[in-house]
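Below is run.tsv, which holds TSV, N, CA and C atoms.
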```tsv
chain	number	residue	atom	x	y	z
A	133	MET	N	8.49	-46.78	-8.86
A	133	MET	CA	8.59	-47.05	-7.45
A	133	MET	C	8.15	-45.80	-6.68
A	134	THR	N	7.37	-45.98	-5.61
A	134	THR	CA	6.93	-44.83	-4.83
A	134	THR	C	8.06	-44.30	-3.97
A	135	ILE	N	7.91	-43.06	-3.52
A	135	ILE	CA	8.92	-42.46	-2.65
A	135	ILE	C	9.02	-43.24	-1.34
A	136	TYR	N	7.88	-43.74	-0.87
A	136	TYR	CA	7.89	-44.54	0.37
A	136	TYR	C	8.65	-45.85	0.16
A	137	GLU	N	8.37	-46.56	-0.94
A	137	GLU	CA	9.07	-47.81	-1.21
A	137	GLU	C	10.58	-47.60	-1.30
A	138	LYS	N	10.98	-46.51	-1.89
A	138	LYS	CA	12.40	-46.24	-2.12
A	138	LYS	C	13.12	-45.77	-0.84
A	139	TYR	N	12.42	-44.98	-0.01
A	139	TYR	CA	13.11	-44.34	1.12
A	139	TYR	C	12.54	-44.68	2.49
A	140	LYS	N	11.71	-45.71	2.60
A	140	LYS	CA	11.17	-46.07	3.91
A	140	LYS	C	12.32	-46.46	4.84
A	141	GLY	N	12.18	-46.05	6.08
A	141	GLY	CA	13.21	-46.35	7.08
A	141	GLY	C	14.40	-45.40	7.05
A	142	LYS	N	14.40	-44.46	6.10
A	142	LYS	CA	15.50	-43.50	6.00
A	142	LYS	C	14.96	-42.10	6.26
A	143	LYS	N	15.78	-41.27	6.80
A	143	LYS	CA	15.43	-39.87	7.03
A	143	LYS	C	16.00	-39.05	5.88
A	144	ILE	N	15.25	-38.02	5.49
A	144	ILE	CA	15.65	-37.14	4.40
A	144	ILE	C	15.93	-35.76	4.97
A	145	ASP	N	17.16	-35.30	4.86
A	145	ASP	CA	17.55	-33.98	5.34
A	145	ASP	C	17.29	-32.97	4.22
A	146	VAL	N	16.45	-31.98	4.51
A	146	VAL	CA	16.08	-30.94	3.54
A	146	VAL	C	16.53	-29.61	4.11
A	147	ASN	N	17.49	-28.96	3.45
A	147	ASN	CA	18.07	-27.72	3.94
A	147	ASN	C	17.89	-26.64	2.87
A	148	TYR	N	16.95	-25.72	3.11
A	148	TYR	CA	16.65	-24.67	2.13
A	148	TYR	C	17.57	-23.47	2.29
A	149	GLU	N	17.84	-22.79	1.18
A	149	GLU	CA	18.69	-21.60	1.19
A	149	GLU	C	18.06	-20.45	1.97
A	150	THR	N	16.76	-20.52	2.22
A	150	THR	CA	16.05	-19.49	2.99
A	150	THR	C	16.29	-19.62	4.49
A	151	GLY	N	16.98	-20.68	4.92
A	151	GLY	CA	17.28	-20.88	6.33
A	151	GLY	C	16.42	-21.94	6.98
A	152	TYR	N	15.35	-22.38	6.29
A	152	TYR	CA	14.52	-23.45	6.82
A	152	TYR	C	15.27	-24.78	6.64
A	153	HIS	N	15.18	-25.64	7.65
A	153	HIS	CA	15.91	-26.90	7.64
A	153	HIS	C	15.02	-27.95	8.31
A	154	PHE	N	14.78	-29.05	7.62
A	154	PHE	CA	13.88	-30.09	8.11
A	154	PHE	C	14.50	-31.47	7.90
A	155	VAL	N	14.00	-32.43	8.67
A	155	VAL	CA	14.23	-33.84	8.39
A	155	VAL	C	12.85	-34.44	8.13
A	156	ILE	N	12.72	-35.16	7.03
A	156	ILE	CA	11.45	-35.78	6.65
A	156	ILE	C	11.61	-37.30	6.71
A	157	ASP	N	10.58	-37.94	7.23
A	157	ASP	CA	10.54	-39.40	7.32
A	157	ASP	C	9.23	-39.84	6.68
A	158	TYR	N	9.29	-40.65	5.63
A	158	TYR	CA	8.10	-41.17	4.97
A	158	TYR	C	7.63	-42.39	5.76
A	159	LEU	N	6.56	-42.23	6.54
A	159	LEU	CA	6.08	-43.26	7.45
A	159	LEU	C	5.27	-44.34	6.75
A	160	SER	N	4.60	-43.97	5.66
A	160	SER	CA	3.78	-44.91	4.89
A	160	SER	C	3.57	-44.34	3.50
A	161	GLU	N	2.76	-45.00	2.72
A	161	GLU	CA	2.46	-44.51	1.36
A	161	GLU	C	1.70	-43.19	1.38
A	162	ASN	N	1.14	-42.83	2.53
A	162	ASN	CA	0.35	-41.60	2.55
A	162	ASN	C	0.54	-40.76	3.81
A	163	GLU	N	1.58	-41.03	4.60
A	163	GLU	CA	1.85	-40.20	5.77
A	163	GLU	C	3.35	-39.98	5.92
A	164	LEU	N	3.72	-38.71	6.15
A	164	LEU	CA	5.11	-38.35	6.41
A	164	LEU	C	5.17	-37.60	7.73
A	165	GLN	N	6.37	-37.53	8.26
A	165	GLN	CA	6.62	-36.72	9.44
A	165	GLN	C	7.77	-35.79	9.15
A	166	TRP	N	7.60	-34.50	9.45
A	166	TRP	CA	8.70	-33.56	9.31
A	166	TRP	C	9.07	-33.03	10.69
A	167	THR	N	10.35	-32.75	10.85
A	167	THR	CA	10.88	-32.17	12.08
A	167	THR	C	11.70	-30.96	11.69
A	168	ALA	N	11.37	-29.81	12.27
A	168	ALA	CA	12.11	-28.58	11.99
A	168	ALA	C	13.43	-28.58	12.76
A	169	LEU	N	14.51	-28.30	12.06
A	169	LEU	CA	15.82	-28.19	12.70
A	169	LEU	C	16.27	-26.75	12.83
A	170	ALA	N	15.73	-25.86	11.98
A	170	ALA	CA	16.10	-24.45	12.02
A	170	ALA	C	14.99	-23.60	11.42
A	171	LYS	N	14.91	-22.36	11.88
A	171	LYS	CA	14.01	-21.33	11.37
A	171	LYS	C	12.56	-21.78	11.33
A	172	GLU	N	12.02	-22.01	12.50
A	172	GLU	CA	10.60	-22.35	12.61
A	172	GLU	C	9.78	-21.07	12.50
A	173	ALA	N	8.62	-21.17	11.86
A	173	ALA	CA	7.71	-20.03	11.79
A	173	ALA	C	7.13	-19.78	13.18
A	174	GLU	N	6.86	-18.52	13.48
A	174	GLU	CA	6.33	-18.15	14.80
A	174	GLU	C	5.03	-18.90	15.09
A	175	GLY	N	4.98	-19.56	16.22
A	175	GLY	CA	3.79	-20.28	16.62
A	175	GLY	C	3.62	-21.65	15.97
A	176	ALA	N	4.51	-22.01	15.07
A	176	ALA	CA	4.41	-23.30	14.37
A	176	ALA	C	5.00	-24.41	15.23
A	177	PRO	N	4.49	-25.63	15.08
A	177	PRO	CA	5.07	-26.76	15.82
A	177	PRO	C	6.46	-27.08	15.27
A	178	SER	N	7.23	-27.80	16.06
A	178	SER	CA	8.57	-28.19	15.60
A	178	SER	C	8.54	-29.54	14.88
A	179	GLN	N	7.40	-30.24	14.97
A	179	GLN	CA	7.27	-31.54	14.32
A	179	GLN	C	5.79	-31.83	14.08
A	180	GLU	N	5.49	-32.44	12.93
A	180	GLU	CA	4.11	-32.84	12.62
A	180	GLU	C	4.10	-34.04	11.70
A	181	LYS	N	3.03	-34.81	11.81
A	181	LYS	CA	2.75	-35.87	10.84
A	181	LYS	C	1.70	-35.33	9.89
A	182	GLU	N	1.89	-35.59	8.59
A	182	GLU	CA	1.00	-35.05	7.57
A	182	GLU	C	0.60	-36.13	6.57
A	183	PRO	N	-0.65	-36.13	6.14
A	183	PRO	CA	-1.00	-36.94	4.97
A	183	PRO	C	-0.37	-36.27	3.75
A	184	TYR	N	0.15	-37.06	2.82
A	184	TYR	CA	0.78	-36.49	1.63
A	184	TYR	C	0.40	-37.30	0.40
A	185	SER	N	0.64	-36.70	-0.74
A	185	SER	CA	0.53	-37.42	-2.01
A	185	SER	C	1.79	-37.13	-2.80
A	186	SER	N	2.18	-38.09	-3.65
A	186	SER	CA	3.39	-37.87	-4.44
A	186	SER	C	3.31	-38.65	-5.74
A	187	TYR	N	4.10	-38.17	-6.69
A	187	TYR	CA	4.25	-38.83	-7.98
A	187	TYR	C	5.72	-38.90	-8.33
A	188	GLU	N	6.13	-40.00	-8.91
A	188	GLU	CA	7.48	-40.08	-9.48
A	188	GLU	C	7.39	-39.43	-10.85
A	189	ILE	N	8.15	-38.37	-11.07
A	189	ILE	CA	8.08	-37.64	-12.34
A	189	ILE	C	9.32	-37.82	-13.20
A	190	GLY	N	10.26	-38.60	-12.71
A	190	GLY	CA	11.49	-38.88	-13.45
A	190	GLY	C	12.33	-39.84	-12.62
A	191	GLU	N	13.51	-40.12	-13.12
A	191	GLU	CA	14.40	-41.04	-12.39
A	191	GLU	C	14.81	-40.42	-11.06
A	192	ASP	N	14.32	-41.02	-9.96
A	192	ASP	CA	14.61	-40.55	-8.60
A	192	ASP	C	14.22	-39.08	-8.41
A	193	LEU	N	13.12	-38.68	-9.06
A	193	LEU	CA	12.59	-37.31	-9.03
A	193	LEU	C	11.11	-37.40	-8.68
A	194	TYR	N	10.72	-36.74	-7.58
A	194	TYR	CA	9.36	-36.86	-7.07
A	194	TYR	C	8.73	-35.50	-6.84
A	195	ASN	N	7.43	-35.41	-7.09
A	195	ASN	CA	6.62	-34.27	-6.69
A	195	ASN	C	5.87	-34.72	-5.44
A	196	VAL	N	6.10	-34.04	-4.32
A	196	VAL	CA	5.50	-34.39	-3.04
A	196	VAL	C	4.68	-33.20	-2.55
A	197	ASN	N	3.44	-33.45	-2.13
A	197	ASN	CA	2.53	-32.37	-1.74
A	197	ASN	C	1.80	-32.72	-0.46
A	198	TRP	N	1.60	-31.71	0.41
A	198	TRP	CA	0.79	-31.91	1.60
A	198	TRP	C	0.19	-30.59	2.07
A	199	ILE	N	-0.88	-30.72	2.85
A	199	ILE	CA	-1.55	-29.57	3.47
A	199	ILE	C	-1.47	-29.78	4.97
A	200	GLU	N	-0.90	-28.81	5.66
A	200	GLU	CA	-0.77	-28.91	7.10
A	200	GLU	C	-2.03	-28.43	7.80
A	201	GLU	N	-2.21	-28.83	9.03
A	201	GLU	CA	-3.38	-28.46	9.82
A	201	GLU	C	-3.57	-26.94	9.87
A	202	SER	N	-2.48	-26.20	9.86
A	202	SER	CA	-2.52	-24.73	9.92
A	202	SER	C	-3.02	-24.09	8.63
A	203	GLY	N	-3.09	-24.88	7.57
A	203	GLY	CA	-3.46	-24.34	6.26
A	203	GLY	C	-2.27	-24.11	5.35
A	204	LEU	N	-1.06	-24.32	5.87
A	204	LEU	CA	0.13	-24.21	5.04
A	204	LEU	C	0.12	-25.34	4.02
A	205	VAL	N	0.38	-24.99	2.76
A	205	VAL	CA	0.43	-25.96	1.67
A	205	VAL	C	1.87	-26.04	1.17
A	206	VAL	N	2.37	-27.26	1.01
A	206	VAL	CA	3.72	-27.48	0.50
A	206	VAL	C	3.63	-28.29	-0.78
A	207	SER	N	4.27	-27.79	-1.82
A	207	SER	CA	4.43	-28.53	-3.07
A	207	SER	C	5.93	-28.58	-3.34
A	208	GLN	N	6.48	-29.76	-3.26
A	208	GLN	CA	7.93	-29.94	-3.26
A	208	GLN	C	8.38	-30.85	-4.42
A	209	ILE	N	9.45	-30.46	-5.07
A	209	ILE	CA	10.13	-31.32	-6.04
A	209	ILE	C	11.39	-31.83	-5.36
A	210	ALA	N	11.45	-33.14	-5.15
A	210	ALA	CA	12.59	-33.77	-4.48
A	210	ALA	C	13.41	-34.51	-5.54
A	211	ASP	N	14.59	-33.98	-5.83
A	211	ASP	CA	15.49	-34.53	-6.85
A	211	ASP	C	16.61	-35.28	-6.13
A	212	PHE	N	16.36	-36.54	-5.83
A	212	PHE	CA	17.32	-37.35	-5.09
A	212	PHE	C	18.58	-37.62	-5.89
A	213	LYS	N	18.46	-37.74	-7.19
A	213	LYS	CA	19.61	-38.04	-8.05
A	213	LYS	C	20.67	-36.94	-7.97
A	214	ASN	N	20.21	-35.68	-7.90
A	214	ASN	CA	21.13	-34.54	-7.88
A	214	ASN	C	21.23	-33.86	-6.51
A	215	GLY	N	20.53	-34.40	-5.51
A	215	GLY	CA	20.61	-33.84	-4.17
A	215	GLY	C	20.02	-32.44	-4.04
A	216	ARG	N	18.97	-32.16	-4.79
A	216	ARG	CA	18.35	-30.82	-4.79
A	216	ARG	C	16.88	-30.93	-4.43
A	217	VAL	N	16.36	-29.87	-3.85
A	217	VAL	CA	14.94	-29.80	-3.50
A	217	VAL	C	14.44	-28.39	-3.82
A	218	TYR	N	13.22	-28.32	-4.31
A	218	TYR	CA	12.56	-27.07	-4.66
A	218	TYR	C	11.17	-27.11	-4.05
A	219	ALA	N	10.73	-26.03	-3.46
A	219	ALA	CA	9.41	-26.05	-2.83
A	219	ALA	C	8.69	-24.72	-2.99
A	220	PHE	N	7.38	-24.82	-3.16
A	220	PHE	CA	6.49	-23.68	-3.12
A	220	PHE	C	5.60	-23.89	-1.92
A	221	MET	N	5.59	-22.90	-1.03
A	221	MET	CA	4.74	-22.97	0.15
A	221	MET	C	3.79	-21.78	0.13
A	222	THR	N	2.58	-22.01	0.59
A	222	THR	CA	1.61	-20.92	0.71
A	222	THR	C	0.79	-21.16	1.97
A	223	TRP	N	0.39	-20.06	2.63
A	223	TRP	CA	-0.35	-20.15	3.88
A	223	TRP	C	-1.30	-18.96	4.01
A	224	PRO	N	-2.32	-19.10	4.87
A	224	PRO	CA	-3.29	-18.02	5.04
A	224	PRO	C	-2.64	-16.73	5.54
A	225	ASP	N	-2.98	-15.62	4.90
A	225	ASP	CA	-2.50	-14.30	5.31
A	225	ASP	C	-3.50	-13.27	4.79
A	226	GLU	N	-4.26	-12.68	5.67
A	226	GLU	CA	-5.32	-11.74	5.29
A	226	GLU	C	-4.79	-10.53	4.52
A	227	ASN	N	-3.50	-10.18	4.68
A	227	ASN	CA	-2.94	-8.99	4.04
A	227	ASN	C	-2.26	-9.27	2.71
A	228	ALA	N	-2.19	-10.52	2.32
A	228	ALA	CA	-1.49	-10.89	1.08
A	228	ALA	C	-2.49	-11.02	-0.08
A	229	ARG	N	-1.97	-11.01	-1.26
A	229	ARG	CA	-2.80	-11.19	-2.45
A	229	ARG	C	-3.52	-12.53	-2.37
A	230	GLY	N	-4.81	-12.53	-2.63
A	230	GLY	CA	-5.58	-13.76	-2.53
A	230	GLY	C	-5.68	-14.30	-1.12
A	231	LYS	N	-5.29	-13.47	-0.16
A	231	LYS	CA	-5.29	-13.84	1.26
A	231	LYS	C	-4.39	-15.04	1.55
A	232	ARG	N	-3.33	-15.20	0.70
A	232	ARG	CA	-2.36	-16.28	0.88
A	232	ARG	C	-0.95	-15.71	0.71
A	233	ALA	N	-0.10	-15.92	1.70
A	233	ALA	CA	1.32	-15.59	1.57
A	233	ALA	C	2.00	-16.72	0.83
A	234	GLU	N	3.18	-16.45	0.30
A	234	GLU	CA	3.89	-17.49	-0.47
A	234	GLU	C	5.39	-17.41	-0.27
A	235	LEU	N	6.04	-18.53	-0.49
A	235	LEU	CA	7.49	-18.62	-0.43
A	235	LEU	C	7.93	-19.68	-1.43
A	236	LEU	N	8.84	-19.32	-2.31
A	236	LEU	CA	9.43	-20.24	-3.27
A	236	LEU	C	10.89	-20.36	-2.88
A	237	HIS	N	11.33	-21.58	-2.62
A	237	HIS	CA	12.73	-21.73	-2.23
A	237	HIS	C	13.31	-23.05	-2.71
A	238	LYS	N	14.65	-23.10	-2.65
A	238	LYS	CA	15.37	-24.28	-3.12
A	238	LYS	C	16.46	-24.60	-2.09
A	239	GLY	N	16.98	-25.82	-2.19
A	239	GLY	CA	18.02	-26.21	-1.27
A	239	GLY	C	18.60	-27.57	-1.60
A	240	THR	N	19.21	-28.16	-0.58
A	240	THR	CA	19.84	-29.46	-0.76
A	240	THR	C	19.01	-30.55	-0.11
A	241	LEU	N	19.19	-31.73	-0.61
A	241	LEU	CA	18.46	-32.92	-0.16
A	241	LEU	C	19.49	-34.02	0.07
A	242	THR	N	19.50	-34.58	1.28
A	242	THR	CA	20.45	-35.63	1.61
A	242	THR	C	19.72	-36.79	2.28
A	243	VAL	N	19.97	-37.99	1.81
A	243	VAL	CA	19.38	-39.17	2.43
A	243	VAL	C	20.29	-39.60	3.57
A	244	LEU	N	19.70	-39.71	4.77
A	244	LEU	CA	20.43	-40.14	5.95
A	244	LEU	C	20.10	-41.60	6.22
A	245	ASP	N	21.05	-42.38	6.59
A	245	ASP	CA	20.79	-43.81	6.91
A	245	ASP	C	20.54	-44.01	8.37
```
Re-express the file's structure as structure tokens.
Amino acid sequence: MTIYEKYKGKKIDVNYETGYHFVIDYLSENELQWTALAKEAEGAPSQEKEPYSSYEIGEDLYNVNWIEESGLVVSQIADFKNGRVYAFMTWPDENARGKRAELLHKGTLTVLD
């Protein structure tokens, strides 16, 4: 079952230990919307719709990936069964190795009705 089929119409609260906090809504099989609730990056929007791709990699366990207009890339493991989320983010940064900054973080995942 796709992540959209399983969670359409529900909001997903994603709260990372790094202080970033989002609500994600899967709008279709290939579009999601995220809304920042805390710790927005400087100059970043507080909400965006993104094309995404995902795979079910286990029971209620999904790999979700998207590229934002800014060039930020998100690769997320959403473990709904255990209420955990893990993400690797990378974005353009001329001073970083490979000209890409990175952040690896984990947090909690809660389905809101």
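Residues of stretch 137-244 of chain A assigned to helix (DSSP H, G or I) by DSSP on this structure's backbone: Glu137, Lys138, Tyr139, Arg229, Gly230 and Lys231 of chain A.
Between atom CA of A:Lys140 and atom CA of A:Gly190 lies a distance of 18.8 Å.
Coordinates place atom CA of A:Trp223 at a distance of 29.4 Å from atom C of A:Glu191.
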Self-check item: Protein, DNA and RNA residues within 8 Å of (18.4, -35.7, -4.4), only N, CA and C atoms, as a VMD selection string
Solution: chain A and resid 192 to 193 210 to 217 240 to 243
Practice problem: Enumerate, as a ChimeraX atom specification, the protein, DNA and RNA residues whose atoms approach (-0.5, -22.9, 11.0) to within 6 Å, taking into account only C-alpha atoms and the coordinate frame of the file. | Solution: /A:176,202-203
Practice problem: For atom C of A:Met133 and atom N of A:Tyr158, determine how far apart the two atoms are, in Å to one decimal place. | Solution: 13.4 Å
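Omitting A:Asp245 and its sequence neighbours fewer than 4 positions away, and counting all atoms listed in the file, the residues within 8 Å are A:Gly141, A:Lys142, A:Lys143, A:Ile144.
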Quiz item: Mind checking DSSP for chain A and telling me the strand (DSSP E or B) residues as a PyMOL selection string?
Solution: chain A and resi 143-148+153-158+163-170+179-190+193-199+205-211+216-224+232-244
Practice problem: Considering all atoms listed in the file, return as a ChimeraX atom specification whatever protein or nucleic-acid residues lie within 7 Å of A:His237, sequence-local ones (same chain, fewer than 2 positions apart) excluded. | Solution: /A:148-150,217-221,235,239
Quiz prompt | Distance query A:Thr167 at most 7 Å, only C-alpha atoms, self and fewer than 2 positions along chain excluded, as a PyMOL selection string | solution = chain A and resi 154-156+165+169+178-180
Self-check item: Given all atoms listed in the file as the counted atoms, nearest of A:Asn227, A:Thr134, A:Asn147, A:Ser185 to A:Trp198
Solution: A:Ser185
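If you measure from each of A:Ala228, A:Leu236, A:Ile209, A:Val146 to A:Val196 using all atoms listed in the file, the closest one turns out to be A:Ile209.
The shortest atom-to-atom distance to A:Asn197, with only C-alpha atoms taken into account, belongs to A:Tyr184 out of A:Tyr184, A:Asp225, A:Glu163, A:Pro177.
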Could you please fill out stretch 222-233 of chain A with all heavy atoms and send it back as a PDB file, in the coordinates of the input?
```
ATOM      1  N   THR A 222       2.580 -22.010   0.590  1.00  0.00           N
ATOM      2  CA  THR A 222       1.610 -20.920   0.710  1.00  0.00           C
ATOM      3  C   THR A 222       0.790 -21.160   1.970  1.00  0.00           C
ATOM      4  O   THR A 222       0.572 -22.301   2.370  1.00  0.00           O
ATOM      5  CB  THR A 222       0.724 -20.815  -0.550  1.00  0.00           C
ATOM      6  OG1 THR A 222      -0.184 -19.720  -0.392  1.00  0.00           O
ATOM      7  CG2 THR A 222      -0.025 -22.072  -0.852  1.00  0.00           C
ATOM      8  N   TRP A 223       0.390 -20.060   2.630  1.00  0.00           N
ATOM      9  CA  TRP A 223      -0.350 -20.150   3.880  1.00  0.00           C
ATOM     10  C   TRP A 223      -1.300 -18.960   4.010  1.00  0.00           C
ATOM     11  O   TRP A 223      -1.110 -17.946   3.361  1.00  0.00           O
ATOM     12  CB  TRP A 223       0.599 -20.245   5.076  1.00  0.00           C
ATOM     13  CG  TRP A 223       1.523 -19.076   5.201  1.00  0.00           C
ATOM     14  CD1 TRP A 223       1.327 -17.939   5.935  1.00  0.00           C
ATOM     15  CD2 TRP A 223       2.792 -18.910   4.549  1.00  0.00           C
ATOM     16  NE1 TRP A 223       2.389 -17.082   5.788  1.00  0.00           N
ATOM     17  CE2 TRP A 223       3.308 -17.655   4.938  1.00  0.00           C
ATOM     18  CE3 TRP A 223       3.549 -19.709   3.670  1.00  0.00           C
ATOM     19  CZ2 TRP A 223       4.532 -17.176   4.481  1.00  0.00           C
ATOM     20  CZ3 TRP A 223       4.758 -19.213   3.218  1.00  0.00           C
ATOM     21  CH2 TRP A 223       5.242 -17.975   3.624  1.00  0.00           C
ATOM     22  N   PRO A 224      -2.320 -19.100   4.870  1.00  0.00           N
ATOM     23  CA  PRO A 224      -3.290 -18.020   5.040  1.00  0.00           C
ATOM     24  C   PRO A 224      -2.640 -16.730   5.540  1.00  0.00           C
ATOM     25  O   PRO A 224      -1.827 -16.765   6.467  1.00  0.00           O
ATOM     26  CB  PRO A 224      -4.263 -18.564   6.086  1.00  0.00           C
ATOM     27  CG  PRO A 224      -4.090 -20.045   6.064  1.00  0.00           C
ATOM     28  CD  PRO A 224      -2.654 -20.274   5.684  1.00  0.00           C
ATOM     29  N   ASP A 225      -2.980 -15.620   4.900  1.00  0.00           N
ATOM     30  CA  ASP A 225      -2.500 -14.300   5.310  1.00  0.00           C
ATOM     31  C   ASP A 225      -3.500 -13.270   4.790  1.00  0.00           C
ATOM     32  O   ASP A 225      -3.565 -13.032   3.578  1.00  0.00           O
ATOM     33  CB  ASP A 225      -1.105 -14.035   4.757  1.00  0.00           C
ATOM     34  CG  ASP A 225      -0.526 -12.701   5.215  1.00  0.00           C
ATOM     35  OD1 ASP A 225      -1.287 -11.796   5.624  1.00  0.00           O
ATOM     36  OD2 ASP A 225       0.701 -12.550   5.139  1.00  0.00           O
ATOM     37  N   GLU A 226      -4.260 -12.680   5.670  1.00  0.00           N
ATOM     38  CA  GLU A 226      -5.320 -11.740   5.290  1.00  0.00           C
ATOM     39  C   GLU A 226      -4.790 -10.530   4.520  1.00  0.00           C
ATOM     40  O   GLU A 226      -5.521  -9.909   3.763  1.00  0.00           O
ATOM     41  CB  GLU A 226      -6.075 -11.254   6.540  1.00  0.00           C
ATOM     42  CG  GLU A 226      -6.952 -12.308   7.155  1.00  0.00           C
ATOM     43  CD  GLU A 226      -8.083 -12.751   6.246  1.00  0.00           C
ATOM     44  OE1 GLU A 226      -8.716 -11.888   5.603  1.00  0.00           O
ATOM     45  OE2 GLU A 226      -8.325 -13.970   6.167  1.00  0.00           O
ATOM     46  N   ASN A 227      -3.500 -10.180   4.680  1.00  0.00           N
ATOM     47  CA  ASN A 227      -2.940  -8.990   4.040  1.00  0.00           C
ATOM     48  C   ASN A 227      -2.260  -9.270   2.710  1.00  0.00           C
ATOM     49  O   ASN A 227      -1.807  -8.356   2.039  1.00  0.00           O
ATOM     50  CB  ASN A 227      -1.950  -8.307   4.991  1.00  0.00           C
ATOM     51  CG  ASN A 227      -2.626  -7.854   6.262  1.00  0.00           C
ATOM     52  OD1 ASN A 227      -3.704  -7.269   6.226  1.00  0.00           O
ATOM     53  ND2 ASN A 227      -2.019  -8.149   7.396  1.00  0.00           N
ATOM     54  N   ALA A 228      -2.190 -10.520   2.320  1.00  0.00           N
ATOM     55  CA  ALA A 228      -1.490 -10.890   1.080  1.00  0.00           C
ATOM     56  C   ALA A 228      -2.490 -11.020  -0.080  1.00  0.00           C
ATOM     57  O   ALA A 228      -3.699 -11.153   0.135  1.00  0.00           O
ATOM     58  CB  ALA A 228      -0.743 -12.205   1.278  1.00  0.00           C
ATOM     59  N   ARG A 229      -1.970 -11.010  -1.260  1.00  0.00           N
ATOM     60  CA  ARG A 229      -2.800 -11.190  -2.450  1.00  0.00           C
ATOM     61  C   ARG A 229      -3.520 -12.530  -2.370  1.00  0.00           C
ATOM     62  O   ARG A 229      -2.902 -13.558  -2.088  1.00  0.00           O
ATOM     63  CB  ARG A 229      -1.923 -11.155  -3.701  1.00  0.00           C
ATOM     64  CG  ARG A 229      -2.728 -11.267  -4.957  1.00  0.00           C
ATOM     65  CD  ARG A 229      -1.878 -10.966  -6.166  1.00  0.00           C
ATOM     66  NE  ARG A 229      -2.753 -10.836  -7.311  1.00  0.00           N
ATOM     67  CZ  ARG A 229      -2.639 -11.553  -8.403  1.00  0.00           C
ATOM     68  NH1 ARG A 229      -1.665 -12.407  -8.533  1.00  0.00           N
ATOM     69  NH2 ARG A 229      -3.479 -11.388  -9.395  1.00  0.00           N
ATOM     70  N   GLY A 230      -4.810 -12.530  -2.630  1.00  0.00           N
ATOM     71  CA  GLY A 230      -5.580 -13.760  -2.530  1.00  0.00           C
ATOM     72  C   GLY A 230      -5.680 -14.300  -1.120  1.00  0.00           C
ATOM     73  O   GLY A 230      -6.061 -15.445  -0.923  1.00  0.00           O
ATOM     74  N   LYS A 231      -5.290 -13.470  -0.160  1.00  0.00           N
ATOM     75  CA  LYS A 231      -5.290 -13.840   1.260  1.00  0.00           C
ATOM     76  C   LYS A 231      -4.390 -15.040   1.550  1.00  0.00           C
ATOM     77  O   LYS A 231      -4.622 -15.829   2.464  1.00  0.00           O
ATOM     78  CB  LYS A 231      -6.709 -14.079   1.761  1.00  0.00           C
ATOM     79  CG  LYS A 231      -7.575 -12.839   1.651  1.00  0.00           C
ATOM     80  CD  LYS A 231      -8.913 -13.051   2.280  1.00  0.00           C
ATOM     81  CE  LYS A 231      -9.871 -11.963   1.944  1.00  0.00           C
ATOM     82  NZ  LYS A 231      -9.858 -10.752   2.503  1.00  0.00           N
ATOM     83  N   ARG A 232      -3.330 -15.200   0.700  1.00  0.00           N
ATOM     84  CA  ARG A 232      -2.360 -16.280   0.880  1.00  0.00           C
ATOM     85  C   ARG A 232      -0.950 -15.710   0.710  1.00  0.00           C
ATOM     86  O   ARG A 232      -0.637 -15.085  -0.296  1.00  0.00           O
ATOM     87  CB  ARG A 232      -2.538 -17.381  -0.179  1.00  0.00           C
ATOM     88  CG  ARG A 232      -3.899 -18.022  -0.280  1.00  0.00           C
ATOM     89  CD  ARG A 232      -4.217 -19.037   0.739  1.00  0.00           C
ATOM     90  NE  ARG A 232      -3.249 -20.114   0.832  1.00  0.00           N
ATOM     91  CZ  ARG A 232      -3.312 -21.034   1.783  1.00  0.00           C
ATOM     92  NH1 ARG A 232      -4.260 -21.013   2.690  1.00  0.00           N
ATOM     93  NH2 ARG A 232      -2.425 -21.995   1.829  1.00  0.00           N
ATOM     94  N   ALA A 233      -0.100 -15.920   1.700  1.00  0.00           N
ATOM     95  CA  ALA A 233       1.320 -15.590   1.570  1.00  0.00           C
ATOM     96  C   ALA A 233       2.000 -16.720   0.830  1.00  0.00           C
ATOM     97  O   ALA A 233       1.458 -17.829   0.744  1.00  0.00           O
ATOM     98  CB  ALA A 233       1.936 -15.406   2.953  1.00  0.00           C
TER      99      ALA A 233
END
```
